file work36.txt (compact mmCIF, N, CA and C atoms)
# COMPACT_ATOMS: atom_id res chain seq x y z
N MET A 1 262.50 152.73 182.72
CA MET A 1 262.57 152.08 181.43
C MET A 1 262.49 150.58 181.59
N GLN A 2 263.21 150.04 182.52
CA GLN A 2 263.26 148.59 182.65
C GLN A 2 261.96 148.05 183.21
N ASN A 3 261.66 146.82 182.79
CA ASN A 3 260.47 146.09 183.19
C ASN A 3 259.18 146.71 182.66
N GLU A 4 259.30 147.66 181.72
CA GLU A 4 258.10 148.17 181.07
C GLU A 4 257.76 147.26 179.91
N LYS A 5 256.49 147.08 179.66
CA LYS A 5 256.08 146.36 178.47
C LYS A 5 256.24 147.31 177.29
N ALA A 6 257.01 146.92 176.32
CA ALA A 6 257.27 147.78 175.17
C ALA A 6 256.07 147.81 174.24
N SER A 7 255.58 146.66 173.87
CA SER A 7 254.38 146.56 173.04
C SER A 7 253.96 145.10 173.05
N GLY A 8 252.73 144.87 173.45
CA GLY A 8 252.25 143.49 173.52
C GLY A 8 253.07 142.66 174.48
N MET A 9 253.70 141.60 173.97
CA MET A 9 254.45 140.68 174.82
C MET A 9 255.95 140.89 174.68
N LEU A 10 256.36 142.12 174.48
CA LEU A 10 257.77 142.45 174.34
C LEU A 10 258.22 143.19 175.60
N GLU A 11 259.36 142.79 176.15
CA GLU A 11 259.88 143.40 177.38
C GLU A 11 261.39 143.54 177.26
N ILE A 12 261.91 144.65 177.77
CA ILE A 12 263.36 144.85 177.85
C ILE A 12 263.67 145.13 179.32
N ARG A 13 264.67 144.40 179.83
CA ARG A 13 265.07 144.58 181.23
C ARG A 13 266.58 144.42 181.34
N TYR A 14 267.10 144.85 182.48
CA TYR A 14 268.53 144.65 182.73
C TYR A 14 268.83 143.16 182.82
N VAL A 15 270.03 142.77 182.40
CA VAL A 15 270.46 141.38 182.46
C VAL A 15 270.49 140.91 183.92
N GLN A 16 270.13 139.67 184.14
CA GLN A 16 270.11 139.06 185.48
C GLN A 16 270.98 137.81 185.47
N LEU A 17 271.40 137.37 186.65
CA LEU A 17 272.26 136.19 186.74
C LEU A 17 271.64 134.97 186.05
N GLU A 18 270.34 134.81 186.17
CA GLU A 18 269.68 133.64 185.56
C GLU A 18 269.66 133.70 184.03
N ASP A 19 270.07 134.82 183.45
CA ASP A 19 270.15 134.95 181.99
C ASP A 19 271.45 134.38 181.42
N LYS A 20 272.35 133.93 182.27
CA LYS A 20 273.69 133.51 181.82
C LYS A 20 273.67 132.47 180.70
N PRO A 21 272.90 131.37 180.78
CA PRO A 21 272.91 130.40 179.67
C PRO A 21 272.46 131.02 178.34
N PHE A 22 271.39 131.83 178.39
CA PHE A 22 270.93 132.50 177.17
C PHE A 22 272.01 133.45 176.66
N TRP A 23 272.56 134.27 177.56
CA TRP A 23 273.53 135.28 177.18
C TRP A 23 274.69 134.67 176.39
N PHE A 24 275.26 133.59 176.93
CA PHE A 24 276.44 133.02 176.29
C PHE A 24 276.10 132.16 175.08
N ARG A 25 274.83 131.90 174.85
CA ARG A 25 274.43 131.27 173.60
C ARG A 25 274.56 132.28 172.45
N LEU A 26 274.28 133.56 172.75
CA LEU A 26 274.36 134.60 171.72
C LEU A 26 275.69 135.35 171.72
N ASP A 27 276.26 135.56 172.89
CA ASP A 27 277.45 136.40 173.03
C ASP A 27 278.66 135.52 173.34
N ARG A 28 279.44 135.24 172.32
CA ARG A 28 280.62 134.39 172.49
C ARG A 28 281.89 135.22 172.69
N HIS A 29 281.74 136.53 172.83
CA HIS A 29 282.90 137.41 172.97
C HIS A 29 283.15 137.86 174.41
N LEU A 30 282.11 137.92 175.21
CA LEU A 30 282.25 138.39 176.59
C LEU A 30 282.92 137.32 177.45
N PRO A 31 284.00 137.66 178.12
CA PRO A 31 284.59 136.67 179.04
C PRO A 31 283.61 136.34 180.17
N GLU A 32 283.50 135.08 180.51
CA GLU A 32 282.58 134.68 181.58
C GLU A 32 282.85 135.43 182.87
N SER A 33 284.10 135.77 183.13
CA SER A 33 284.46 136.47 184.36
C SER A 33 283.86 137.88 184.43
N VAL A 34 283.42 138.42 183.30
CA VAL A 34 282.87 139.77 183.25
C VAL A 34 281.35 139.78 183.37
N PHE A 35 280.70 138.63 183.17
CA PHE A 35 279.24 138.58 183.16
C PHE A 35 278.62 139.12 184.45
N GLU A 36 279.11 138.69 185.58
CA GLU A 36 278.53 139.14 186.85
C GLU A 36 278.68 140.66 187.03
N ARG A 37 279.75 141.21 186.49
CA ARG A 37 279.92 142.67 186.54
C ARG A 37 278.86 143.37 185.71
N LYS A 38 278.52 142.78 184.54
CA LYS A 38 277.46 143.35 183.71
C LYS A 38 276.13 143.37 184.47
N VAL A 39 275.87 142.28 185.19
CA VAL A 39 274.64 142.22 186.00
C VAL A 39 274.70 143.27 187.10
N ARG A 40 275.78 143.29 187.85
CA ARG A 40 275.93 144.21 188.98
C ARG A 40 275.82 145.67 188.54
N ASP A 41 276.49 146.02 187.42
CA ASP A 41 276.53 147.40 186.97
C ASP A 41 275.36 147.80 186.08
N LYS A 42 274.47 146.86 185.81
CA LYS A 42 273.33 147.11 184.91
C LYS A 42 273.80 147.64 183.56
N SER A 43 274.85 147.00 183.03
CA SER A 43 275.40 147.42 181.74
C SER A 43 275.12 146.39 180.65
N GLY A 44 273.99 145.71 180.81
CA GLY A 44 273.51 144.77 179.80
C GLY A 44 272.00 144.69 179.88
N TYR A 45 271.39 144.43 178.75
CA TYR A 45 269.93 144.35 178.66
C TYR A 45 269.55 143.05 177.95
N VAL A 46 268.39 142.53 178.30
CA VAL A 46 267.84 141.36 177.63
C VAL A 46 266.46 141.76 177.10
N LEU A 47 266.20 141.39 175.84
CA LEU A 47 264.90 141.60 175.23
C LEU A 47 264.17 140.27 175.24
N LEU A 48 262.94 140.28 175.76
CA LEU A 48 262.13 139.07 175.84
C LEU A 48 260.89 139.22 174.96
N GLU A 49 260.60 138.16 174.22
CA GLU A 49 259.37 138.07 173.43
C GLU A 49 258.55 136.96 174.07
N ASN A 50 257.35 137.30 174.54
CA ASN A 50 256.50 136.32 175.24
C ASN A 50 257.28 135.62 176.36
N GLN A 51 258.03 136.40 177.12
CA GLN A 51 258.81 135.96 178.27
C GLN A 51 260.00 135.06 177.92
N THR A 52 260.31 134.94 176.64
CA THR A 52 261.46 134.16 176.20
C THR A 52 262.54 135.12 175.73
N PRO A 53 263.78 135.02 176.27
CA PRO A 53 264.84 135.93 175.82
C PRO A 53 265.21 135.68 174.36
N VAL A 54 265.28 136.77 173.58
CA VAL A 54 265.60 136.66 172.16
C VAL A 54 266.66 137.66 171.70
N GLY A 55 267.06 138.57 172.57
CA GLY A 55 268.05 139.56 172.17
C GLY A 55 268.78 140.13 173.36
N LEU A 56 269.93 140.76 173.07
CA LEU A 56 270.71 141.37 174.14
C LEU A 56 271.47 142.58 173.63
N LEU A 57 271.82 143.44 174.55
CA LEU A 57 272.67 144.58 174.28
C LEU A 57 273.56 144.76 175.51
N ARG A 58 274.84 145.00 175.26
CA ARG A 58 275.75 145.31 176.36
C ARG A 58 276.58 146.53 175.99
N TYR A 59 277.05 147.23 177.03
CA TYR A 59 277.87 148.41 176.79
C TYR A 59 278.91 148.58 177.88
N ASN A 60 279.90 149.39 177.58
CA ASN A 60 280.92 149.83 178.52
C ASN A 60 280.96 151.35 178.47
N LEU A 61 281.77 151.92 179.32
CA LEU A 61 282.01 153.36 179.25
C LEU A 61 283.37 153.59 178.62
N PHE A 62 283.37 154.17 177.42
CA PHE A 62 284.60 154.52 176.71
C PHE A 62 285.22 155.72 177.43
N TRP A 63 286.50 155.68 177.69
CA TRP A 63 287.18 156.72 178.47
C TRP A 63 286.50 156.94 179.83
N ASP A 64 285.80 155.93 180.31
CA ASP A 64 285.10 155.98 181.60
C ASP A 64 284.00 157.03 181.66
N ARG A 65 283.53 157.49 180.48
CA ARG A 65 282.50 158.54 180.51
C ARG A 65 281.55 158.58 179.32
N ILE A 66 281.79 157.76 178.29
CA ILE A 66 280.91 157.78 177.11
C ILE A 66 280.35 156.38 176.91
N PRO A 67 279.04 156.21 177.00
CA PRO A 67 278.45 154.88 176.76
C PRO A 67 278.79 154.38 175.35
N PHE A 68 279.30 153.16 175.30
CA PHE A 68 279.76 152.55 174.06
C PHE A 68 279.12 151.17 173.94
N CYS A 69 278.19 151.03 173.00
CA CYS A 69 277.50 149.75 172.77
C CYS A 69 278.51 148.78 172.17
N THR A 70 278.83 147.73 172.91
CA THR A 70 279.84 146.77 172.47
C THR A 70 279.25 145.50 171.88
N MET A 71 277.94 145.31 172.04
CA MET A 71 277.29 144.12 171.48
C MET A 71 275.79 144.35 171.39
N LEU A 72 275.25 144.12 170.23
CA LEU A 72 273.81 144.08 170.01
C LEU A 72 273.56 142.83 169.20
N PHE A 73 272.72 141.95 169.73
CA PHE A 73 272.49 140.68 169.03
C PHE A 73 271.05 140.24 169.24
N ILE A 74 270.39 139.92 168.13
CA ILE A 74 269.03 139.38 168.15
C ILE A 74 269.09 137.97 167.60
N ASP A 75 268.46 137.03 168.29
CA ASP A 75 268.41 135.63 167.85
C ASP A 75 267.94 135.58 166.40
N CYS A 76 268.54 134.72 165.61
CA CYS A 76 268.31 134.67 164.16
C CYS A 76 266.83 134.61 163.78
N GLN A 77 266.04 133.78 164.45
CA GLN A 77 264.63 133.62 164.08
C GLN A 77 263.76 134.82 164.46
N CYS A 78 264.33 135.80 165.18
CA CYS A 78 263.56 136.97 165.62
C CYS A 78 264.01 138.26 164.95
N ARG A 79 264.86 138.16 163.95
CA ARG A 79 265.33 139.35 163.27
C ARG A 79 264.26 139.90 162.32
N LYS A 80 264.47 141.13 161.92
CA LYS A 80 263.57 141.83 160.98
C LYS A 80 262.20 142.12 161.60
N LYS A 81 262.16 142.23 162.93
CA LYS A 81 260.92 142.56 163.63
C LYS A 81 261.03 143.92 164.34
N GLY A 82 262.16 144.60 164.17
CA GLY A 82 262.37 145.88 164.83
C GLY A 82 262.93 145.77 166.24
N TYR A 83 263.32 144.57 166.65
CA TYR A 83 263.80 144.36 168.02
C TYR A 83 265.15 145.04 168.27
N GLY A 84 266.03 145.02 167.29
CA GLY A 84 267.32 145.69 167.45
C GLY A 84 267.12 147.19 167.62
N THR A 85 266.23 147.75 166.82
CA THR A 85 265.91 149.17 166.93
C THR A 85 265.34 149.47 168.31
N LYS A 86 264.44 148.64 168.77
CA LYS A 86 263.82 148.84 170.09
C LYS A 86 264.88 148.78 171.20
N LEU A 87 265.78 147.81 171.13
CA LEU A 87 266.84 147.71 172.14
C LEU A 87 267.71 148.97 172.14
N MET A 88 268.12 149.41 170.95
CA MET A 88 268.95 150.61 170.86
C MET A 88 268.21 151.84 171.39
N GLN A 89 266.95 151.99 171.03
CA GLN A 89 266.18 153.16 171.48
C GLN A 89 266.01 153.16 172.99
N ASP A 90 265.75 152.00 173.57
CA ASP A 90 265.61 151.93 175.03
C ASP A 90 266.94 152.21 175.72
N TRP A 91 268.05 151.70 175.16
CA TRP A 91 269.37 151.98 175.71
C TRP A 91 269.65 153.48 175.63
N GLU A 92 269.37 154.09 174.49
CA GLU A 92 269.59 155.53 174.32
C GLU A 92 268.78 156.32 175.35
N LYS A 93 267.54 155.94 175.54
CA LYS A 93 266.67 156.63 176.51
C LYS A 93 267.24 156.47 177.93
N ASP A 94 267.69 155.28 178.26
CA ASP A 94 268.27 155.02 179.57
C ASP A 94 269.54 155.85 179.77
N MET A 95 270.40 155.91 178.76
CA MET A 95 271.65 156.67 178.87
C MET A 95 271.36 158.17 179.00
N LYS A 96 270.39 158.66 178.26
CA LYS A 96 270.02 160.07 178.37
C LYS A 96 269.49 160.37 179.77
N ALA A 97 268.66 159.49 180.31
CA ALA A 97 268.12 159.67 181.66
C ALA A 97 269.23 159.67 182.72
N GLN A 98 270.33 158.98 182.42
CA GLN A 98 271.46 158.96 183.35
C GLN A 98 272.39 160.17 183.16
N GLY A 99 272.05 161.04 182.21
CA GLY A 99 272.80 162.28 182.03
C GLY A 99 273.88 162.28 180.97
N TYR A 100 273.95 161.23 180.18
CA TYR A 100 274.96 161.18 179.11
C TYR A 100 274.49 161.98 177.91
N GLY A 101 275.44 162.61 177.20
CA GLY A 101 275.10 163.46 176.06
C GLY A 101 275.44 162.90 174.71
N MET A 102 276.22 161.79 174.68
CA MET A 102 276.54 161.17 173.40
C MET A 102 276.81 159.69 173.61
N LEU A 103 276.71 158.95 172.51
CA LEU A 103 276.90 157.50 172.53
C LEU A 103 277.84 157.10 171.40
N LEU A 104 278.49 155.96 171.61
CA LEU A 104 279.35 155.37 170.59
C LEU A 104 278.94 153.91 170.36
N THR A 105 279.22 153.43 169.16
CA THR A 105 279.14 152.02 168.85
C THR A 105 280.16 151.74 167.76
N SER A 106 280.35 150.47 167.44
CA SER A 106 281.29 150.14 166.37
C SER A 106 280.86 148.85 165.69
N THR A 107 281.40 148.64 164.51
CA THR A 107 281.17 147.42 163.75
C THR A 107 282.31 147.28 162.75
N GLN A 108 282.52 146.09 162.26
CA GLN A 108 283.53 145.91 161.23
C GLN A 108 282.97 146.42 159.90
N VAL A 109 283.86 146.94 159.05
CA VAL A 109 283.42 147.53 157.79
C VAL A 109 282.78 146.53 156.84
N ASP A 110 283.03 145.24 157.04
CA ASP A 110 282.44 144.23 156.17
C ASP A 110 281.10 143.71 156.71
N GLU A 111 280.57 144.32 157.77
CA GLU A 111 279.29 143.90 158.34
C GLU A 111 278.19 144.90 157.97
N ASP A 112 276.97 144.40 157.84
CA ASP A 112 275.84 145.26 157.48
C ASP A 112 275.35 146.16 158.61
N ALA A 113 275.81 145.92 159.83
CA ALA A 113 275.33 146.70 160.98
C ALA A 113 275.55 148.20 160.81
N GLN A 114 276.58 148.59 160.05
CA GLN A 114 276.83 150.02 159.86
C GLN A 114 275.61 150.73 159.26
N HIS A 115 274.89 150.06 158.37
CA HIS A 115 273.71 150.66 157.74
C HIS A 115 272.58 150.78 158.76
N PHE A 116 272.43 149.78 159.61
CA PHE A 116 271.44 149.80 160.69
C PHE A 116 271.69 151.00 161.61
N TYR A 117 272.93 151.16 162.06
CA TYR A 117 273.24 152.25 162.98
C TYR A 117 273.03 153.61 162.33
N ARG A 118 273.39 153.74 161.07
CA ARG A 118 273.17 155.02 160.38
C ARG A 118 271.68 155.35 160.31
N LYS A 119 270.83 154.36 160.08
CA LYS A 119 269.38 154.60 160.05
C LYS A 119 268.87 155.10 161.40
N LEU A 120 269.59 154.78 162.47
CA LEU A 120 269.20 155.22 163.82
C LEU A 120 269.81 156.57 164.18
N GLY A 121 270.52 157.19 163.22
CA GLY A 121 271.07 158.52 163.46
C GLY A 121 272.52 158.55 163.87
N TYR A 122 273.20 157.43 163.85
CA TYR A 122 274.63 157.40 164.17
C TYR A 122 275.43 157.82 162.95
N ARG A 123 276.54 158.52 163.19
CA ARG A 123 277.40 159.00 162.11
C ARG A 123 278.79 158.38 162.25
N ASP A 124 279.42 158.10 161.12
CA ASP A 124 280.78 157.57 161.12
C ASP A 124 281.70 158.59 161.81
N CYS A 125 282.64 158.08 162.61
CA CYS A 125 283.56 159.00 163.28
C CYS A 125 284.98 158.44 163.38
N GLY A 126 285.31 157.45 162.56
CA GLY A 126 286.68 156.96 162.54
C GLY A 126 286.75 155.45 162.59
N GLY A 127 287.96 154.95 162.70
CA GLY A 127 288.15 153.51 162.75
C GLY A 127 289.61 153.16 162.89
N PHE A 128 289.87 151.87 162.98
CA PHE A 128 291.25 151.41 163.06
C PHE A 128 291.35 150.00 162.49
N VAL A 129 292.57 149.64 162.14
CA VAL A 129 292.87 148.32 161.59
C VAL A 129 293.76 147.58 162.58
N ILE A 130 293.41 146.36 162.87
CA ILE A 130 294.25 145.51 163.72
C ILE A 130 294.90 144.46 162.82
N ASP A 131 296.21 144.48 162.79
CA ASP A 131 296.93 143.52 161.94
C ASP A 131 297.96 142.70 162.73
N ILE A 132 297.77 142.63 164.04
CA ILE A 132 298.64 141.83 164.90
C ILE A 132 298.34 140.35 164.62
N PRO A 133 299.36 139.55 164.32
CA PRO A 133 299.11 138.12 164.04
C PRO A 133 298.28 137.45 165.14
N GLY A 134 297.23 136.77 164.69
CA GLY A 134 296.32 136.10 165.60
C GLY A 134 295.13 136.95 166.01
N TYR A 135 295.18 138.25 165.75
CA TYR A 135 294.09 139.17 166.12
C TYR A 135 293.56 139.94 164.91
N GLU A 136 294.03 139.60 163.71
CA GLU A 136 293.65 140.33 162.51
C GLU A 136 292.13 140.33 162.34
N GLN A 137 291.64 141.44 161.82
CA GLN A 137 290.22 141.56 161.48
C GLN A 137 290.06 142.70 160.49
N PRO A 138 288.93 142.75 159.79
CA PRO A 138 288.67 143.91 158.93
C PRO A 138 288.64 145.19 159.78
N MET A 139 288.74 146.32 159.13
CA MET A 139 288.73 147.59 159.86
C MET A 139 287.51 147.69 160.76
N GLU A 140 287.73 148.16 161.97
CA GLU A 140 286.65 148.43 162.93
C GLU A 140 286.29 149.90 162.79
N MET A 141 285.03 150.18 162.46
CA MET A 141 284.59 151.56 162.30
C MET A 141 283.75 151.98 163.49
N PHE A 142 283.90 153.21 163.90
CA PHE A 142 283.16 153.76 165.03
C PHE A 142 282.09 154.71 164.53
N LEU A 143 280.98 154.71 165.27
CA LEU A 143 279.86 155.59 164.95
C LEU A 143 279.45 156.32 166.23
N VAL A 144 279.00 157.55 166.09
CA VAL A 144 278.67 158.40 167.22
C VAL A 144 277.27 158.99 167.05
N LYS A 145 276.62 159.27 168.16
CA LYS A 145 275.30 159.90 168.13
C LYS A 145 275.16 160.81 169.35
N GLY A 146 274.70 162.02 169.11
CA GLY A 146 274.40 162.93 170.21
C GLY A 146 273.00 162.67 170.74
N LEU A 147 272.83 162.88 172.01
CA LEU A 147 271.49 162.69 172.62
C LEU A 147 270.82 164.03 172.89
call {"tool": "encode", "arguments": {"input": "work36.txt", "output": "structure tokens"}}
result
Amino acid sequence: MQNEKASGMLEIRYVQLEDKPFWFRLDRHLPESVFERKVRDKSGYVLLENQTPVGLLRYNLFWDRIPFCTMLFIDCQCRKKGYGTKLMQDWEKDMKAQGYGMLLTSTQVDEDAQHFYRKLGYRDCGGFVIDIPGYEQPMEMFLVKGL
């Protein structure tokens, strides 16, 4: 899957150390200490348009056995081109090839991403509310998809 040309000048590959400046321009949630692990474990992807990085996806293993997409982000000027869909589809294909049978993702209930994930076949499967002072946020909803 990696290093294949998706269509024209679009490429998706595993994150590399040299992607660090780009990565942290888009992803302000990942601790810097974890970035090298994402590279080592191939648990992050970069989408390039004409050899310029414009999107990323990262995941962890929920319960150490279920791929869980923890971040999908496309640079603002490159949205509405199907790049998020392409990243998700390539990740799904990669996870299936690795033998996984289901995937998880999540988003806050006040974000539009829930509609995007549903269009890709993900179904609502629960959520939780964090109300600890200093960590409050809208409800986090989880979505699941079988492969």
call {"tool": "residues_around", "arguments": {"input": "work36.txt", "residues": "Gly55 in chain A", "least_positions_apart": "5", "cutoff": "8 Å", "atoms": "only C-alpha atoms", "output": "PDB file with N, CA and C atoms, in the frame of the given file"}}
result
ATOM      1  N   VAL A  46     268.390 142.530 178.300  1.00  0.00           N
ATOM      2  CA  VAL A  46     267.840 141.360 177.630  1.00  0.00           C
ATOM      3  C   VAL A  46     266.460 141.760 177.100  1.00  0.00           C
ATOM      4  N   LEU A  47     266.200 141.390 175.840  1.00  0.00           N
ATOM      5  CA  LEU A  47     264.900 141.600 175.230  1.00  0.00           C
ATOM      6  C   LEU A  47     264.170 140.270 175.240  1.00  0.00           C
ATOM      7  N   LEU A  48     262.940 140.280 175.760  1.00  0.00           N
ATOM      8  CA  LEU A  48     262.130 139.070 175.840  1.00  0.00           C
ATOM      9  C   LEU A  48     260.890 139.220 174.960  1.00  0.00           C
ATOM     10  N   LEU A  72     275.250 144.120 170.230  1.00  0.00           N
ATOM     11  CA  LEU A  72     273.810 144.080 170.010  1.00  0.00           C
ATOM     12  C   LEU A  72     273.560 142.830 169.200  1.00  0.00           C
ATOM     13  N   PHE A  73     272.720 141.950 169.730  1.00  0.00           N
ATOM     14  CA  PHE A  73     272.490 140.680 169.030  1.00  0.00           C
ATOM     15  C   PHE A  73     271.050 140.240 169.240  1.00  0.00           C
ATOM     16  N   ILE A  74     270.390 139.920 168.130  1.00  0.00           N
ATOM     17  CA  ILE A  74     269.030 139.380 168.150  1.00  0.00           C
ATOM     18  C   ILE A  74     269.090 137.970 167.600  1.00  0.00           C
ATOM     19  N   ASP A  75     268.460 137.030 168.290  1.00  0.00           N
ATOM     20  CA  ASP A  75     268.410 135.630 167.850  1.00  0.00           C
ATOM     21  C   ASP A  75     267.940 135.580 166.400  1.00  0.00           C
ATOM     22  N   TYR A  83     263.320 144.570 166.650  1.00  0.00           N
ATOM     23  CA  TYR A  83     263.800 144.360 168.020  1.00  0.00           C
ATOM     24  C   TYR A  83     265.150 145.040 168.270  1.00  0.00           C
ATOM     25  N   GLY A  84     266.030 145.020 167.290  1.00  0.00           N
ATOM     26  CA  GLY A  84     267.320 145.690 167.450  1.00  0.00           C
ATOM     27  C   GLY A  84     267.120 147.190 167.620  1.00  0.00           C
TER      28      GLY A  84
END
call {"tool": "residues_around", "arguments": {"input": "work36.txt", "residues": "Glu18 in chain A", "least_positions_apart": "4", "cutoff": "12 Å", "atoms": "only C-alpha atoms", "output": "ChimeraX atom specification"}}
result
/A:14,22-24,35-36,39,46,53
call {"tool": "atom_distance", "arguments": {"input": "work36.txt", "atom1": "CA of Asn50 in chain A", "atom2": "CA of Gly82 in chain A"}}
result
15.3 Å
call {"tool": "atom_distance", "arguments": {"input": "work36.txt", "atom1": "atom N of Thr105 in chain A", "atom2": "atom N of Arg13 in chain A"}}
result
20.2 Å
call {"tool": "closest_residue", "arguments": {"input": "work36.txt", "among": "A:Asp27, A:Tyr100, A:Glu49, A:Glu32", "to": "Leu10 in chain A", "atoms": "all atoms listed in the file"}}
result
A:Glu49
call {"tool": "select_by_dssp", "arguments": {"input": "work36.txt", "residues": "chain A", "states": "alpha helix (DSSP H)", "output": "JSON, numbers by chain"}}
result
{"A": [20, 21, 22, 23, 24, 25, 26, 32, 33, 34, 35, 36, 37, 38, 39, 40, 41, 83, 84, 85, 86, 87, 88, 89, 90, 91, 92, 93, 94, 95, 96, 97, 113, 114, 115, 116, 117, 118, 119]}
call {"tool": "residues_around", "arguments": {"input": "work36.txt", "residues": "Asp124 in chain A", "least_positions_apart": "4", "cutoff": "8 Å", "atoms": "all atoms listed in the file", "output": "list in words"}}
result
Tyr117, Arg118, Met141, Phe142, Leu143, Val144 and Lys145 of chain A
call {"tool": "select_by_dssp", "arguments": {"input": "work36.txt", "residues": "range 18-121 of chain A", "states": "strand (DSSP E or B)", "output": "MDAnalysis selection string"}}
result
chainID A and resid 44:49 52:62 66:74 102:108
call {"tool": "atom_distance", "arguments": {"input": "work36.txt", "atom1": "CA of Met71 in chain A", "atom2": "CA of Leu26 in chain A"}}
result
10.0 Å
call {"tool": "closest_residue", "arguments": {"input": "work36.txt", "among": "A:Val34, A:Leu147, A:Gly126, A:Gly134", "to": "Lys96 in chain A", "atoms": "only N, CA and C atoms"}}
result
A:Leu147
call {"tool": "residues_around", "arguments": {"input": "work36.txt", "residues": "Gly44 in chain A", "least_positions_apart": "6", "cutoff": "5 Å", "atoms": "all atoms listed in the file", "output": "PyMOL selection string"}}
result
chain A and resi 14-15+38+57-58
call {"tool": "closest_residue", "arguments": {"input": "work36.txt", "among": "A:Asp94, A:Ser43, A:Leu56, A:Met139", "to": "Asp19 in chain A", "atoms": "only C-alpha atoms"}}
result
A:Leu56
call {"tool": "closest_residue", "arguments": {"input": "work36.txt", "among": "A:Pro133, A:Arg37, A:Tyr122, A:Gly99", "to": "Leu17 in chain A", "atoms": "only C-alpha atoms"}}
result
A:Arg37
call {"tool": "closest_residue", "arguments": {"input": "work36.txt", "among": "A:Pro138, A:Pro31, A:Gly146, A:Pro21", "to": "Gly101 in chain A", "atoms": "only C-alpha atoms"}}
result
A:Gly146
call {"tool": "closest_residue", "arguments": {"input": "work36.txt", "among": "A:Cys69, A:Glu140, A:Arg25, A:Glu11", "to": "Gln108 in chain A", "atoms": "only N, CA and C atoms"}}
result
A:Glu140
call {"tool": "decode", "arguments": {"input": "work36.txt", "residues": "range 76-88 of chain A", "atoms": "N, CA, C and O atoms", "output": "PDB file, in the first residue's frame"}}
result
ATOM      1  N   CYS A  76      -6.002  22.815   5.551  1.00  0.00           N
ATOM      2  CA  CYS A  76      -7.225  23.561   5.206  1.00  0.00           C
ATOM      3  C   CYS A  76      -7.394  23.800   3.707  1.00  0.00           C
ATOM      4  O   CYS A  76      -8.482  23.626   3.166  1.00  0.00           O
ATOM      5  N   GLN A  77      -6.339  24.207   3.009  1.00  0.00           N
ATOM      6  CA  GLN A  77      -6.464  24.531   1.587  1.00  0.00           C
ATOM      7  C   GLN A  77      -6.629  23.298   0.699  1.00  0.00           C
ATOM      8  O   GLN A  77      -6.896  23.430  -0.487  1.00  0.00           O
ATOM      9  N   CYS A  78      -6.518  22.097   1.273  1.00  0.00           N
ATOM     10  CA  CYS A  78      -6.636  20.862   0.483  1.00  0.00           C
ATOM     11  C   CYS A  78      -7.876  20.049   0.824  1.00  0.00           C
ATOM     12  O   CYS A  78      -8.019  18.918   0.379  1.00  0.00           O
ATOM     13  N   ARG A  79      -8.772  20.621   1.594  1.00  0.00           N
ATOM     14  CA  ARG A  79      -9.987  19.904   1.962  1.00  0.00           C
ATOM     15  C   ARG A  79     -10.983  19.887   0.798  1.00  0.00           C
ATOM     16  O   ARG A  79     -10.860  20.641  -0.147  1.00  0.00           O
ATOM     17  N   LYS A  80     -11.941  19.003   0.919  1.00  0.00           N
ATOM     18  CA  LYS A  80     -13.018  18.839  -0.077  1.00  0.00           C
ATOM     19  C   LYS A  80     -12.491  18.294  -1.409  1.00  0.00           C
ATOM     20  O   LYS A  80     -13.077  18.536  -2.462  1.00  0.00           O
ATOM     21  N   LYS A  81     -11.380  17.558  -1.359  1.00  0.00           N
ATOM     22  CA  LYS A  81     -10.818  16.927  -2.559  1.00  0.00           C
ATOM     23  C   LYS A  81     -10.863  15.400  -2.456  1.00  0.00           C
ATOM     24  O   LYS A  81     -10.345  14.715  -3.318  1.00  0.00           O
ATOM     25  N   GLY A  82     -11.434  14.880  -1.368  1.00  0.00           N
ATOM     26  CA  GLY A  82     -11.491  13.436  -1.171  1.00  0.00           C
ATOM     27  C   GLY A  82     -10.256  12.854  -0.505  1.00  0.00           C
ATOM     28  O   GLY A  82     -10.119  11.639  -0.408  1.00  0.00           O
ATOM     29  N   TYR A  83      -9.361  13.706  -0.029  1.00  0.00           N
ATOM     30  CA  TYR A  83      -8.109  13.224   0.564  1.00  0.00           C
ATOM     31  C   TYR A  83      -8.329  12.509   1.893  1.00  0.00           C
ATOM     32  O   TYR A  83      -7.659  11.520   2.187  1.00  0.00           O
ATOM     33  N   GLY A  84      -9.257  12.998   2.703  1.00  0.00           N
ATOM     34  CA  GLY A  84      -9.555  12.323   3.961  1.00  0.00           C
ATOM     35  C   GLY A  84     -10.110  10.932   3.710  1.00  0.00           C
ATOM     36  O   GLY A  84      -9.726   9.967   4.372  1.00  0.00           O
ATOM     37  N   THR A  85     -10.993  10.831   2.736  1.00  0.00           N
ATOM     38  CA  THR A  85     -11.552   9.530   2.359  1.00  0.00           C
ATOM     39  C   THR A  85     -10.447   8.605   1.886  1.00  0.00           C
ATOM     40  O   THR A  85     -10.386   7.434   2.283  1.00  0.00           O
ATOM     41  N   LYS A  86      -9.561   9.117   1.062  1.00  0.00           N
ATOM     42  CA  LYS A  86      -8.452   8.300   0.538  1.00  0.00           C
ATOM     43  C   LYS A  86      -7.550   7.818   1.673  1.00  0.00           C
ATOM     44  O   LYS A  86      -7.156   6.647   1.709  1.00  0.00           O
ATOM     45  N   LEU A  87      -7.218   8.701   2.609  1.00  0.00           N
ATOM     46  CA  LEU A  87      -6.385   8.292   3.752  1.00  0.00           C
ATOM     47  C   LEU A  87      -7.075   7.189   4.560  1.00  0.00           C
ATOM     48  O   LEU A  87      -6.441   6.194   4.920  1.00  0.00           O
ATOM     49  N   MET A  88      -8.354   7.369   4.852  1.00  0.00           N
ATOM     50  CA  MET A  88      -9.083   6.364   5.621  1.00  0.00           C
ATOM     51  C   MET A  88      -9.145   5.034   4.867  1.00  0.00           C
ATOM     52  O   MET A  88      -8.930   3.968   5.450  1.00  0.00           O
TER      53      MET A  88
END
